[in-house]
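Colleague: First the structure, which I've put down as structure tokens, then a few questions once you've had a look.
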Amino acid sequence: MNSDTKTGVKLILWAGLAFVCYAISILLTPPAYDKYAQMQGLTSGSVGREALTDTPLAHSIAEMKQLDRFAVREQIEDPLDHWEIFLVGDTAYHVLSLDSGERVAAAVYQDSVQYEHPEDNTVWCSPIGTWRPWELTETERAIITRKELALSTLDFYVDMKGNQDSALTLADFSKSFQLTVSWALILLFALLIHGFQRLRRRRWEINQPKNDTELWIAGTHAIWGLDFAQAVHTGRKSKKDPIRIGGAPKNPEMSQITRALLNRDWALTSYAQLLETVAYMSEGEGFTDCKTQSARAWQLCRSTSLLGMAYIAGWAERDEILRRSLPICLRMQETFSSWDDLYVSFLDHYAMWCLSDDGLTDAVQTQIQHRVDLYWELKQRKYSPYHLPWNMPLKL
């Protein structure tokens with residue numbers, strides 16, 4: 001898949017995700033607005049809503065103080081010319097004349113006013129109200145006093161608006177809510193995807209070298225490691241594969257595959273058996289009986305690769321594998337003069353091993369060339385083990 005195709009696929013996926021997030025926001029809008037309406041006092045029976053049949057009527061200031069919610073009814077001749085209205089700041093107040101003869105200021109939500117017409121009189125039915133402290137400045141008190149409204153108190157007023165004016169309508173709430181929730185969900189999914197990718201990378205990077213000594217050790221089986229990882233995990237894309245201790249990513253899938261390969265190719269079913277094999281190849285007769293440098297490189301490099309496989313298989317911990325690899329690496333330094341010396345010898349023996357079964361077929365030639373290409377590709381990397389000094393001190 002080329003980069004343009006990948007970009008197109010990503011855009012389609014993100015567009016699909018955005019659509020899903022928007023659809024979720026639409027589904028969440030009705031219950032969210034119901035909750036918002038309850039919190040803002042927009043539901044039936046709230047301050048500023050239409051008075052109900054069971055809403056108590058208040059006839060005096062005393063009753064208003066006593067009742068939590070109430071309504072007021074007045075008989076009026078002309079709804080358009082009846083009210084005394086004055087402003088305090090941006091708020092308009094009605095003057096209510098109560099049955100007790102008292103006069104109070106009221107902030108009224110006009111959309112909730114109801115009218116009745118018994119016989120020839122018009123009956124004004126207020127929205128649901130409540131008695132509230134009136135926080136006026138001295139200047140505002142003076143202005144109201146000069147109006148000579150004959151209000152019975154300037155310390156309290158009747159709130160018959162509540163949040164009806166300031167609260168969002170369903171249409172406005174829906175626009176704001178759906179936009180906010182859609183972006184929040186997209187951000188949440190993006191964070192989850194990013195977190196999942198980071199976790200994946202951490203799982204993949206858990207066996208990457210952490211210092212120069214670990215990188216040096218990993219370099220002794222890096223060619224085999226990349227070939228192994230590509231063959232069973234990532235495909236042949238060596239430039240995208242990191243150098244790892246043990247070659248392949250450290251995860252449950254690769255642990256199972258590695259144990260199967262150890263059993264199939266080496267007849268090893270336990271860590272103890274693997275250590276015996278490593279000891280034989282790196283310090284026993286498998287090494288001492290070698291007659292050529294290529295044979296020695298073959299045995300030593302395969303020894304560190306086996307230890308790396310033991311780590312991937314879950315047979316031993318990282319520190320254990322590195323500790324056991326260290327003396328083998330020191331023996332490599334004693335036996336060879338450089339990275340090229342080690343790997344030219346190793347690749348020479350690898351070619352002989354490949355040719356020993358089927359001869360020089362196209363498949364064998366391709367496999368041999370692939371290992372050679374991996375070595376030269378690794379040498380060109382910025383953080384290649386093959387840039388490290390051959391005789392550098394190796395300490396864990």
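Each chain in the structure tokens gets a letter, A, B and so on, in the order shown; residues start at 1 in every chain, and ligands are counted from 1 in the order they appear.
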Skip Ser282 of chain A itself and residues of its chain fewer than 2 positions away, then list as a CSV table (one decimal) with N, CA, C and O atoms, in the first residue's frame all residues within 10 Å of it, counting only C-alpha atoms.
Modeller:
chain,number,residue,atom,x,y,z
A,277,THR,N,22.8,-26.2,25.0
A,277,THR,CA,23.2,-26.0,23.6
A,277,THR,C,24.1,-24.8,23.4
A,277,THR,O,25.1,-24.8,22.7
A,278,VAL,N,23.8,-23.7,24.1
A,278,VAL,CA,24.6,-22.4,24.0
A,278,VAL,C,26.0,-22.7,24.5
A,278,VAL,O,27.0,-22.3,24.0
A,279,ALA,N,26.0,-23.4,25.7
A,279,ALA,CA,27.4,-23.7,26.3
A,279,ALA,C,28.2,-24.5,25.3
A,279,ALA,O,29.4,-24.3,25.1
A,280,TYR,N,27.6,-25.5,24.7
A,280,TYR,CA,28.3,-26.4,23.7
A,280,TYR,C,28.8,-25.5,22.5
A,280,TYR,O,30.0,-25.7,22.1
A,284,GLY,N,32.1,-24.9,24.5
A,284,GLY,CA,32.4,-26.4,24.5
A,284,GLY,C,33.0,-26.8,23.2
A,284,GLY,O,33.6,-26.0,22.4
A,285,GLU,N,32.8,-28.1,22.9
A,285,GLU,CA,33.4,-28.7,21.7
A,285,GLU,C,32.8,-28.1,20.4
A,285,GLU,O,33.5,-28.0,19.4
A,286,GLY,N,31.6,-27.6,20.5
A,286,GLY,CA,31.0,-27.0,19.3
A,286,GLY,C,31.9,-25.8,18.8
A,286,GLY,O,31.9,-25.4,17.7
A,287,PHE,N,32.6,-25.1,19.8
A,287,PHE,CA,33.4,-24.0,19.5
A,287,PHE,C,34.9,-24.4,19.3
A,287,PHE,O,35.6,-24.0,18.4
A,288,THR,N,35.4,-25.1,20.3
A,288,THR,CA,36.8,-25.5,20.3
A,288,THR,C,37.2,-26.4,19.1
A,288,THR,O,38.4,-26.3,18.7
A,296,ARG,N,33.6,-20.4,13.6
A,296,ARG,CA,33.5,-19.8,14.9
A,296,ARG,C,32.5,-18.7,15.0
A,296,ARG,O,31.7,-18.6,15.9
A,297,ALA,N,32.5,-17.9,13.9
A,297,ALA,CA,31.4,-16.8,13.9
A,297,ALA,C,30.0,-17.5,13.8
A,297,ALA,O,29.1,-16.9,14.5
A,298,TRP,N,29.9,-18.5,13.1
A,298,TRP,CA,28.6,-19.2,13.0
A,298,TRP,C,28.1,-19.7,14.4
A,298,TRP,O,26.9,-19.5,14.8
A,299,GLN,N,29.0,-20.3,15.2
A,299,GLN,CA,28.6,-20.8,16.5
A,299,GLN,C,28.4,-19.7,17.5
A,299,GLN,O,27.4,-19.7,18.2
A,300,LEU,N,29.2,-18.7,17.5
A,300,LEU,CA,29.0,-17.6,18.5
A,300,LEU,C,27.8,-16.7,18.2
A,300,LEU,O,27.1,-16.4,19.1
A,301,CYS,N,27.6,-16.4,16.9
A,301,CYS,CA,26.4,-15.6,16.6
A,301,CYS,C,25.1,-16.3,16.9
A,301,CYS,O,24.1,-15.7,17.4
A,302,ARG,N,25.1,-17.6,16.6
A,302,ARG,CA,23.9,-18.4,16.8
A,302,ARG,C,23.7,-18.6,18.3
A,302,ARG,O,22.5,-18.7,18.8
A,303,SER,N,24.8,-18.5,19.1
A,303,SER,CA,24.6,-18.6,20.6
A,303,SER,C,23.9,-17.4,21.2
A,303,SER,O,22.9,-17.6,22.0
A,304,THR,N,24.2,-16.2,20.7
A,304,THR,CA,23.5,-15.0,21.3
A,304,THR,C,22.1,-15.0,20.7
A,304,THR,O,21.2,-14.5,21.4
A,325,SER,N,24.8,-13.4,27.7
A,325,SER,CA,25.3,-13.1,26.4
A,325,SER,C,26.7,-12.4,26.5
A,325,SER,O,27.5,-12.5,25.5
A,327,PRO,N,29.7,-12.8,28.2
A,327,PRO,CA,30.9,-13.6,27.9
A,327,PRO,C,31.1,-14.1,26.5
A,327,PRO,O,32.2,-14.2,26.0
A,328,ILE,N,30.0,-14.4,25.8
A,328,ILE,CA,30.1,-14.8,24.4
A,328,ILE,C,30.5,-13.6,23.6
A,328,ILE,O,31.4,-13.8,22.6
A,329,CYS,N,30.0,-12.4,23.9
A,329,CYS,CA,30.5,-11.2,23.1
A,329,CYS,C,31.9,-10.9,23.4
A,329,CYS,O,32.7,-10.5,22.4
A,331,ARG,N,34.2,-13.1,24.0
A,331,ARG,CA,34.9,-14.1,23.2
A,331,ARG,C,34.9,-13.7,21.7
A,331,ARG,O,35.9,-13.9,21.0
A,332,MET,N,33.8,-13.1,21.2
A,332,MET,CA,33.9,-12.6,19.8
A,332,MET,C,34.9,-11.5,19.7
A,332,MET,O,35.7,-11.5,18.6
Colleague: I'd like the neighbourhood of Ile26 of chain A as a PyMOL selection string, where a residue qualifies if any of its atoms comes within 9 Å (using only C-alpha atoms), though same-chain residues fewer than 3 positions away should be ignored.
Modeller: chain A and resi 21-23+29-30+174+177-178
Colleague: Compare A:Pro385, A:Gly359, A:Gly246, A:Gly225 by their minimum atom-to-atom distance to Asp212 of chain A, counting only C-alpha atoms, and give me the closest one.
Modeller: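 The closest residue to Asp212 of chain A is A:Pro385.
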Colleague: List the neighbours of segment 12-20 of chain A out to 9 Å using only C-alpha atoms; skip same-chain residues closer than 3 positions along the sequence, and give me the result as a list in words.
Modeller: Thr7, Gly8, Val9, Ala23, Ile24, Ser25, Ser182, Trp183, Leu185, Ile186 and Phe189 of chain A
Colleague: Go ahead and write the selection's residues with all heavy atoms as a PDB file, in the first residue's frame.
Modeller:
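Saved as selection-v8.pdb:
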ATOM      1  N   THR A   7      -2.841   7.421   3.095  1.00  0.00           N
ATOM      2  CA  THR A   7      -3.406   8.712   3.503  1.00  0.00           C
ATOM      3  C   THR A   7      -4.906   8.752   3.223  1.00  0.00           C
ATOM      4  O   THR A   7      -5.691   9.227   4.057  1.00  0.00           O
ATOM      5  CB  THR A   7      -2.707   9.855   2.752  1.00  0.00           C
ATOM      6  OG1 THR A   7      -1.308   9.827   3.050  1.00  0.00           O
ATOM      7  CG2 THR A   7      -3.285  11.206   3.161  1.00  0.00           C
ATOM      8  N   GLY A   8      -5.303   8.245   2.053  1.00  0.00           N
ATOM      9  CA  GLY A   8      -6.721   8.204   1.712  1.00  0.00           C
ATOM     10  C   GLY A   8      -7.523   7.347   2.658  1.00  0.00           C
ATOM     11  O   GLY A   8      -8.619   7.723   3.089  1.00  0.00           O
ATOM     12  N   VAL A   9      -6.969   6.189   3.028  1.00  0.00           N
ATOM     13  CA  VAL A   9      -7.643   5.285   3.962  1.00  0.00           C
ATOM     14  C   VAL A   9      -7.789   5.954   5.328  1.00  0.00           C
ATOM     15  O   VAL A   9      -8.845   5.877   5.969  1.00  0.00           O
ATOM     16  CB  VAL A   9      -6.874   3.963   4.091  1.00  0.00           C
ATOM     17  CG1 VAL A   9      -7.435   3.121   5.235  1.00  0.00           C
ATOM     18  CG2 VAL A   9      -6.940   3.178   2.778  1.00  0.00           C
ATOM     19  N   ALA A  23     -23.263  11.229  15.263  1.00  0.00           N
ATOM     20  CA  ALA A  23     -24.476  10.436  15.475  1.00  0.00           C
ATOM     21  C   ALA A  23     -24.698  10.178  16.972  1.00  0.00           C
ATOM     22  O   ALA A  23     -25.821  10.249  17.474  1.00  0.00           O
ATOM     23  CB  ALA A  23     -24.374   9.113  14.721  1.00  0.00           C
ATOM     24  N   ILE A  24     -23.622   9.904  17.690  1.00  0.00           N
ATOM     25  CA  ILE A  24     -23.728   9.688  19.140  1.00  0.00           C
ATOM     26  C   ILE A  24     -24.216  10.956  19.828  1.00  0.00           C
ATOM     27  O   ILE A  24     -25.060  10.916  20.737  1.00  0.00           O
ATOM     28  CB  ILE A  24     -22.372   9.234  19.717  1.00  0.00           C
ATOM     29  CG1 ILE A  24     -22.008   7.844  19.204  1.00  0.00           C
ATOM     30  CG2 ILE A  24     -22.408   9.236  21.249  1.00  0.00           C
ATOM     31  CD1 ILE A  24     -20.621   7.387  19.600  1.00  0.00           C
ATOM     32  N   SER A  25     -23.693  12.101  19.387  1.00  0.00           N
ATOM     33  CA  SER A  25     -24.104  13.375  20.008  1.00  0.00           C
ATOM     34  C   SER A  25     -25.593  13.647  19.788  1.00  0.00           C
ATOM     35  O   SER A  25     -26.270  14.192  20.668  1.00  0.00           O
ATOM     36  CB  SER A  25     -23.266  14.536  19.445  1.00  0.00           C
ATOM     37  OG  SER A  25     -23.648  14.850  18.115  1.00  0.00           O
ATOM     38  N   SER A 182     -19.385  16.169  19.869  1.00  0.00           N
ATOM     39  CA  SER A 182     -18.717  15.563  18.713  1.00  0.00           C
ATOM     40  C   SER A 182     -17.212  15.752  18.796  1.00  0.00           C
ATOM     41  O   SER A 182     -16.434  14.789  18.645  1.00  0.00           O
ATOM     42  CB  SER A 182     -19.250  16.170  17.411  1.00  0.00           C
ATOM     43  OG  SER A 182     -20.605  15.855  17.216  1.00  0.00           O
ATOM     44  N   TRP A 183     -16.781  16.986  19.069  1.00  0.00           N
ATOM     45  CA  TRP A 183     -15.352  17.245  19.169  1.00  0.00           C
ATOM     46  C   TRP A 183     -14.738  16.553  20.384  1.00  0.00           C
ATOM     47  O   TRP A 183     -13.598  16.050  20.321  1.00  0.00           O
ATOM     48  CB  TRP A 183     -15.084  18.748  19.228  1.00  0.00           C
ATOM     49  CG  TRP A 183     -15.084  19.388  17.886  1.00  0.00           C
ATOM     50  CD1 TRP A 183     -16.003  20.260  17.377  1.00  0.00           C
ATOM     51  CD2 TRP A 183     -14.127  19.187  16.841  1.00  0.00           C
ATOM     52  NE1 TRP A 183     -15.688  20.610  16.095  1.00  0.00           N
ATOM     53  CE2 TRP A 183     -14.533  19.973  15.723  1.00  0.00           C
ATOM     54  CE3 TRP A 183     -12.973  18.428  16.731  1.00  0.00           C
ATOM     55  CZ2 TRP A 183     -13.814  20.019  14.535  1.00  0.00           C
ATOM     56  CZ3 TRP A 183     -12.255  18.466  15.541  1.00  0.00           C
ATOM     57  CH2 TRP A 183     -12.678  19.252  14.469  1.00  0.00           C
ATOM     58  N   LEU A 185     -15.750  13.723  21.717  1.00  0.00           N
ATOM     59  CA  LEU A 185     -15.642  12.299  21.398  1.00  0.00           C
ATOM     60  C   LEU A 185     -14.504  12.041  20.425  1.00  0.00           C
ATOM     61  O   LEU A 185     -13.760  11.056  20.564  1.00  0.00           O
ATOM     62  CB  LEU A 185     -16.959  11.790  20.817  1.00  0.00           C
ATOM     63  CG  LEU A 185     -18.124  11.646  21.800  1.00  0.00           C
ATOM     64  CD1 LEU A 185     -19.403  11.278  21.061  1.00  0.00           C
ATOM     65  CD2 LEU A 185     -17.808  10.590  22.867  1.00  0.00           C
ATOM     66  N   ILE A 186     -14.359  12.920  19.435  1.00  0.00           N
ATOM     67  CA  ILE A 186     -13.250  12.769  18.489  1.00  0.00           C
ATOM     68  C   ILE A 186     -11.918  12.858  19.224  1.00  0.00           C
ATOM     69  O   ILE A 186     -11.000  12.057  19.001  1.00  0.00           O
ATOM     70  CB  ILE A 186     -13.338  13.836  17.384  1.00  0.00           C
ATOM     71  CG1 ILE A 186     -14.529  13.550  16.467  1.00  0.00           C
ATOM     72  CG2 ILE A 186     -12.049  13.874  16.557  1.00  0.00           C
ATOM     73  CD1 ILE A 186     -14.803  14.649  15.465  1.00  0.00           C
ATOM     74  N   PHE A 189     -11.486   9.668  21.323  1.00  0.00           N
ATOM     75  CA  PHE A 189     -11.073   8.543  20.488  1.00  0.00           C
ATOM     76  C   PHE A 189      -9.638   8.717  20.005  1.00  0.00           C
ATOM     77  O   PHE A 189      -8.878   7.752  19.924  1.00  0.00           O
ATOM     78  CB  PHE A 189     -12.022   8.389  19.297  1.00  0.00           C
ATOM     79  CG  PHE A 189     -13.310   7.696  19.627  1.00  0.00           C
ATOM     80  CD1 PHE A 189     -14.529   8.322  19.417  1.00  0.00           C
ATOM     81  CD2 PHE A 189     -13.316   6.415  20.164  1.00  0.00           C
ATOM     82  CE1 PHE A 189     -15.730   7.692  19.731  1.00  0.00           C
ATOM     83  CE2 PHE A 189     -14.509   5.781  20.482  1.00  0.00           C
ATOM     84  CZ  PHE A 189     -15.708   6.406  20.263  1.00  0.00           C
TER      85      PHE A 189
END
Colleague: Determine the nearest neighbour of Leu330 of chain A from the options A:Glu63, A:Asp289, A:Glu283, A:Glu317, counting only C-alpha atoms.
Modeller: A:Glu283
Colleague: Can you pull out the residues contacting segment 257-262 of chain A? Cut-off 10 Å, using only C-alpha atoms, and skip same-chain residues under 2 positions away; I want them as an mmCIF file with all heavy atoms, in the first residue's frame.
Modeller:
data_model
loop_
_atom_site.group_PDB
_atom_site.id
_atom_site.type_symbol
_atom_site.label_atom_id
_atom_site.label_comp_id
_atom_site.auth_asym_id
_atom_site.auth_seq_id
_atom_site.Cartn_x
_atom_site.Cartn_y
_atom_site.Cartn_z
ATOM 1 N N PHE A 228 14.335 -12.962 11.016
ATOM 2 C CA PHE A 228 13.353 -13.729 11.785
ATOM 3 C C PHE A 228 12.071 -12.917 11.976
ATOM 4 O O PHE A 228 10.964 -13.397 11.718
ATOM 5 C CB PHE A 228 13.966 -14.110 13.136
ATOM 6 C CG PHE A 228 13.001 -14.685 14.127
ATOM 7 C CD1 PHE A 228 12.160 -15.732 13.797
ATOM 8 C CD2 PHE A 228 12.934 -14.176 15.419
ATOM 9 C CE1 PHE A 228 11.268 -16.263 14.713
ATOM 10 C CE2 PHE A 228 12.048 -14.696 16.349
ATOM 11 C CZ PHE A 228 11.214 -15.741 15.988
ATOM 12 N N VAL A 232 8.193 -13.801 10.074
ATOM 13 C CA VAL A 232 7.009 -14.271 10.810
ATOM 14 C C VAL A 232 6.121 -13.144 11.318
ATOM 15 O O VAL A 232 5.052 -13.405 11.857
ATOM 16 C CB VAL A 232 7.432 -15.148 12.018
ATOM 17 C CG1 VAL A 232 8.168 -16.362 11.543
ATOM 18 C CG2 VAL A 232 8.276 -14.347 13.007
ATOM 19 N N HIS A 233 6.549 -11.876 11.133
ATOM 20 C CA HIS A 233 5.775 -10.806 11.767
ATOM 21 C C HIS A 233 5.481 -9.622 10.867
ATOM 22 O O HIS A 233 4.329 -9.247 10.698
ATOM 23 C CB HIS A 233 6.505 -10.310 13.018
ATOM 24 C CG HIS A 233 5.686 -9.383 13.853
ATOM 25 N ND1 HIS A 233 4.652 -9.811 14.642
ATOM 26 C CD2 HIS A 233 5.733 -8.033 13.981
ATOM 27 C CE1 HIS A 233 4.093 -8.781 15.241
ATOM 28 N NE2 HIS A 233 4.731 -7.694 14.855
ATOM 29 N N GLY A 246 16.838 -10.383 20.726
ATOM 30 C CA GLY A 246 15.989 -11.519 20.391
ATOM 31 C C GLY A 246 15.335 -11.398 19.035
ATOM 32 O O GLY A 246 14.655 -12.314 18.591
ATOM 33 N N ALA A 248 12.669 -10.417 17.376
ATOM 34 C CA ALA A 248 11.246 -10.153 17.163
ATOM 35 C C ALA A 248 10.659 -9.337 18.317
ATOM 36 O O ALA A 248 11.267 -9.217 19.383
ATOM 37 C CB ALA A 248 10.487 -11.471 17.030
ATOM 38 N N PRO A 252 2.925 -11.890 23.382
ATOM 39 C CA PRO A 252 2.446 -13.275 23.493
ATOM 40 C C PRO A 252 2.466 -14.033 22.170
ATOM 41 O O PRO A 252 2.784 -15.226 22.128
ATOM 42 C CB PRO A 252 1.022 -13.106 24.028
ATOM 43 C CG PRO A 252 1.049 -11.812 24.771
ATOM 44 C CD PRO A 252 1.984 -10.939 24.013
ATOM 45 N N GLU A 253 2.106 -13.355 21.086
ATOM 46 C CA GLU A 253 2.082 -14.025 19.781
ATOM 47 C C GLU A 253 3.466 -14.517 19.391
ATOM 48 O O GLU A 253 3.652 -15.671 18.991
ATOM 49 C CB GLU A 253 1.561 -13.048 18.719
ATOM 50 C CG GLU A 253 1.572 -13.624 17.315
ATOM 51 C CD GLU A 253 1.303 -12.568 16.247
ATOM 52 O OE1 GLU A 253 1.178 -11.381 16.616
ATOM 53 O OE2 GLU A 253 1.234 -12.937 15.067
ATOM 54 N N MET A 254 4.471 -13.618 19.517
ATOM 55 C CA MET A 254 5.823 -14.002 19.124
ATOM 56 C C MET A 254 6.428 -15.008 20.099
ATOM 57 O O MET A 254 7.274 -15.823 19.711
ATOM 58 C CB MET A 254 6.703 -12.765 19.030
ATOM 59 C CG MET A 254 6.343 -11.855 17.857
ATOM 60 S SD MET A 254 6.267 -12.737 16.276
ATOM 61 C CE MET A 254 7.918 -13.397 16.159
ATOM 62 N N SER A 255 6.017 -14.979 21.354
ATOM 63 C CA SER A 255 6.500 -15.977 22.318
ATOM 64 C C SER A 255 6.080 -17.379 21.895
ATOM 65 O O SER A 255 6.875 -18.328 21.917
ATOM 66 C CB SER A 255 5.958 -15.667 23.716
ATOM 67 O OG SER A 255 6.475 -14.460 24.195
ATOM 68 N N ARG A 264 10.925 -26.975 16.704
ATOM 69 C CA ARG A 264 11.026 -27.539 15.350
ATOM 70 C C ARG A 264 12.459 -27.549 14.823
ATOM 71 O O ARG A 264 12.936 -28.556 14.293
ATOM 72 C CB ARG A 264 10.149 -26.724 14.397
ATOM 73 C CG ARG A 264 10.058 -27.291 12.988
ATOM 74 C CD ARG A 264 9.440 -26.287 12.034
ATOM 75 N NE ARG A 264 10.367 -25.164 11.771
ATOM 76 C CZ ARG A 264 10.051 -24.122 11.012
ATOM 77 N NH1 ARG A 264 8.819 -24.022 10.501
ATOM 78 N NH2 ARG A 264 10.929 -23.145 10.813
ATOM 79 N N ASP A 265 13.163 -26.413 14.969
ATOM 80 C CA ASP A 265 14.476 -26.273 14.339
ATOM 81 C C ASP A 265 15.634 -26.704 15.233
ATOM 82 O O ASP A 265 16.710 -27.052 14.724
ATOM 83 C CB ASP A 265 14.695 -24.819 13.915
ATOM 84 C CG ASP A 265 13.688 -24.363 12.870
ATOM 85 O OD1 ASP A 265 13.058 -25.233 12.235
ATOM 86 O OD2 ASP A 265 13.528 -23.136 12.700
ATOM 87 N N TRP A 266 15.415 -26.691 16.548
ATOM 88 C CA TRP A 266 16.512 -26.999 17.468
ATOM 89 C C TRP A 266 16.202 -28.177 18.391
ATOM 90 O O TRP A 266 17.082 -28.589 19.161
ATOM 91 C CB TRP A 266 16.834 -25.769 18.332
ATOM 92 C CG TRP A 266 17.422 -24.621 17.571
ATOM 93 C CD1 TRP A 266 16.759 -23.668 16.885
ATOM 94 C CD2 TRP A 266 18.812 -24.326 17.422
ATOM 95 N NE1 TRP A 266 17.630 -22.771 16.320
ATOM 96 C CE2 TRP A 266 18.909 -23.151 16.644
ATOM 97 C CE3 TRP A 266 19.987 -24.925 17.894
ATOM 98 C CZ2 TRP A 266 20.126 -22.576 16.292
ATOM 99 C CZ3 TRP A 266 21.202 -24.329 17.559
ATOM 100 C CH2 TRP A 266 21.269 -23.178 16.766
ATOM 101 N N ALA A 267 14.975 -28.653 18.369
ATOM 102 C CA ALA A 267 14.542 -29.727 19.271
ATOM 103 C C ALA A 267 14.701 -29.317 20.730
ATOM 104 O O ALA A 267 15.041 -30.133 21.596
ATOM 105 C CB ALA A 267 15.309 -31.019 18.991
ATOM 106 N N LEU A 268 14.472 -28.051 21.004
ATOM 107 C CA LEU A 268 14.583 -27.515 22.362
ATOM 108 C C LEU A 268 13.198 -27.240 22.915
ATOM 109 O O LEU A 268 12.394 -26.550 22.285
ATOM 110 C CB LEU A 268 15.404 -26.226 22.366
ATOM 111 C CG LEU A 268 16.848 -26.330 21.853
ATOM 112 C CD1 LEU A 268 17.501 -24.961 21.796
ATOM 113 C CD2 LEU A 268 17.657 -27.277 22.733
ATOM 114 N N THR A 269 12.927 -27.771 24.088
ATOM 115 C CA THR A 269 11.614 -27.580 24.721
ATOM 116 C C THR A 269 11.720 -26.954 26.107
ATOM 117 O O THR A 269 10.711 -26.804 26.781
ATOM 118 C CB THR A 269 10.870 -28.914 24.833
ATOM 119 O OG1 THR A 269 11.667 -29.846 25.582
ATOM 120 C CG2 THR A 269 10.581 -29.495 23.449
ATOM 121 N N SER A 270 12.935 -26.597 26.529
ATOM 122 C CA SER A 270 13.099 -25.998 27.858
ATOM 123 C C SER A 270 14.307 -25.074 27.855
ATOM 124 O O SER A 270 15.196 -25.168 26.989
ATOM 125 C CB SER A 270 13.278 -27.076 28.926
ATOM 126 O OG SER A 270 14.533 -27.722 28.770
ATOM 127 N N LEU A 274 18.248 -25.315 26.223
ATOM 128 C CA LEU A 274 18.811 -24.223 25.428
ATOM 129 C C LEU A 274 20.161 -23.788 25.981
ATOM 130 O O LEU A 274 21.115 -23.571 25.217
ATOM 131 C CB LEU A 274 17.830 -23.058 25.400
ATOM 132 C CG LEU A 274 18.209 -21.862 24.524
ATOM 133 C CD1 LEU A 274 16.974 -21.283 23.834
ATOM 134 C CD2 LEU A 274 18.888 -20.749 25.355
ATOM 135 N N LEU A 306 20.221 -17.595 20.074
ATOM 136 C CA LEU A 306 19.444 -18.553 20.865
ATOM 137 C C LEU A 306 19.050 -17.960 22.216
ATOM 138 O O LEU A 306 17.925 -18.143 22.671
ATOM 139 C CB LEU A 306 20.236 -19.838 21.078
ATOM 140 C CG LEU A 306 20.063 -20.956 20.060
ATOM 141 C CD1 LEU A 306 20.899 -22.169 20.466
ATOM 142 C CD2 LEU A 306 18.602 -21.360 19.931
ATOM 143 N N MET A 309 16.242 -15.659 21.654
ATOM 144 C CA MET A 309 14.996 -16.394 21.446
ATOM 145 C C MET A 309 14.428 -16.886 22.770
ATOM 146 O O MET A 309 13.205 -16.934 22.949
ATOM 147 C CB MET A 309 15.232 -17.565 20.499
ATOM 148 C CG MET A 309 15.517 -17.145 19.063
ATOM 149 S SD MET A 309 15.809 -18.553 17.962
ATOM 150 C CE MET A 309 14.122 -19.137 17.724
ATOM 151 N N ALA A 310 15.290 -17.251 23.698
ATOM 152 C CA ALA A 310 14.824 -17.680 25.019
ATOM 153 C C ALA A 310 14.081 -16.549 25.722
ATOM 154 O O ALA A 310 13.083 -16.768 26.423
ATOM 155 C CB ALA A 310 16.004 -18.144 25.864
ATOM 156 N N TYR A 311 14.562 -15.306 25.509
ATOM 157 C CA TYR A 311 13.887 -14.144 26.087
ATOM 158 C C TYR A 311 12.530 -13.917 25.429
ATOM 159 O O TYR A 311 11.524 -13.704 26.104
ATOM 160 C CB TYR A 311 14.786 -12.922 25.931
ATOM 161 C CG TYR A 311 14.140 -11.617 26.299
ATOM 162 C CD1 TYR A 311 13.538 -11.436 27.547
ATOM 163 C CD2 TYR A 311 14.133 -10.546 25.411
ATOM 164 C CE1 TYR A 311 12.939 -10.230 27.884
ATOM 165 C CE2 TYR A 311 13.546 -9.336 25.743
ATOM 166 C CZ TYR A 311 12.952 -9.186 26.979
ATOM 167 O OH TYR A 311 12.363 -7.997 27.312
ATOM 168 N N ILE A 312 12.490 -13.967 24.106
ATOM 169 C CA ILE A 312 11.231 -13.773 23.386
ATOM 170 C C ILE A 312 10.241 -14.881 23.737
ATOM 171 O O ILE A 312 9.033 -14.654 23.859
ATOM 172 C CB ILE A 312 11.465 -13.735 21.862
ATOM 173 C CG1 ILE A 312 12.445 -12.628 21.493
ATOM 174 C CG2 ILE A 312 10.147 -13.552 21.115
ATOM 175 C CD1 ILE A 312 11.994 -11.252 21.917
ATOM 176 N N ALA A 313 10.748 -16.103 23.919
ATOM 177 C CA ALA A 313 9.887 -17.237 24.243
ATOM 178 C C ALA A 313 9.326 -17.167 25.654
ATOM 179 O O ALA A 313 8.389 -17.896 25.997
ATOM 180 C CB ALA A 313 10.653 -18.543 24.063
ATOM 181 N N GLY A 314 9.896 -16.284 26.485
ATOM 182 C CA GLY A 314 9.416 -16.166 27.860
ATOM 183 C C GLY A 314 10.083 -17.142 28.812
ATOM 184 O O GLY A 314 9.589 -17.358 29.921
ATOM 185 N N TRP A 315 11.210 -17.700 28.389
ATOM 186 C CA TRP A 315 11.913 -18.662 29.246
ATOM 187 C C TRP A 315 12.848 -17.982 30.239
ATOM 188 O O TRP A 315 13.253 -18.607 31.218
ATOM 189 C CB TRP A 315 12.709 -19.631 28.375
ATOM 190 C CG TRP A 315 11.850 -20.622 27.642
ATOM 191 C CD1 TRP A 315 10.509 -20.784 27.765
ATOM 192 C CD2 TRP A 315 12.282 -21.579 26.676
ATOM 193 N NE1 TRP A 315 10.061 -21.774 26.942
ATOM 194 C CE2 TRP A 315 11.136 -22.301 26.258
ATOM 195 C CE3 TRP A 315 13.506 -21.920 26.115
ATOM 196 C CZ2 TRP A 315 11.189 -23.326 25.323
ATOM 197 C CZ3 TRP A 315 13.563 -22.941 25.173
ATOM 198 C CH2 TRP A 315 12.415 -23.632 24.776
#
Colleague: Quick one: of A:Val47, A:Ala295, A:Ala229, A:Met281, who's nearest to Pro127 of chain A, counting only C-alpha atoms?
Modeller: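 The shortest atom-to-atom distance to Pro127 of chain A comes from A:Val47.
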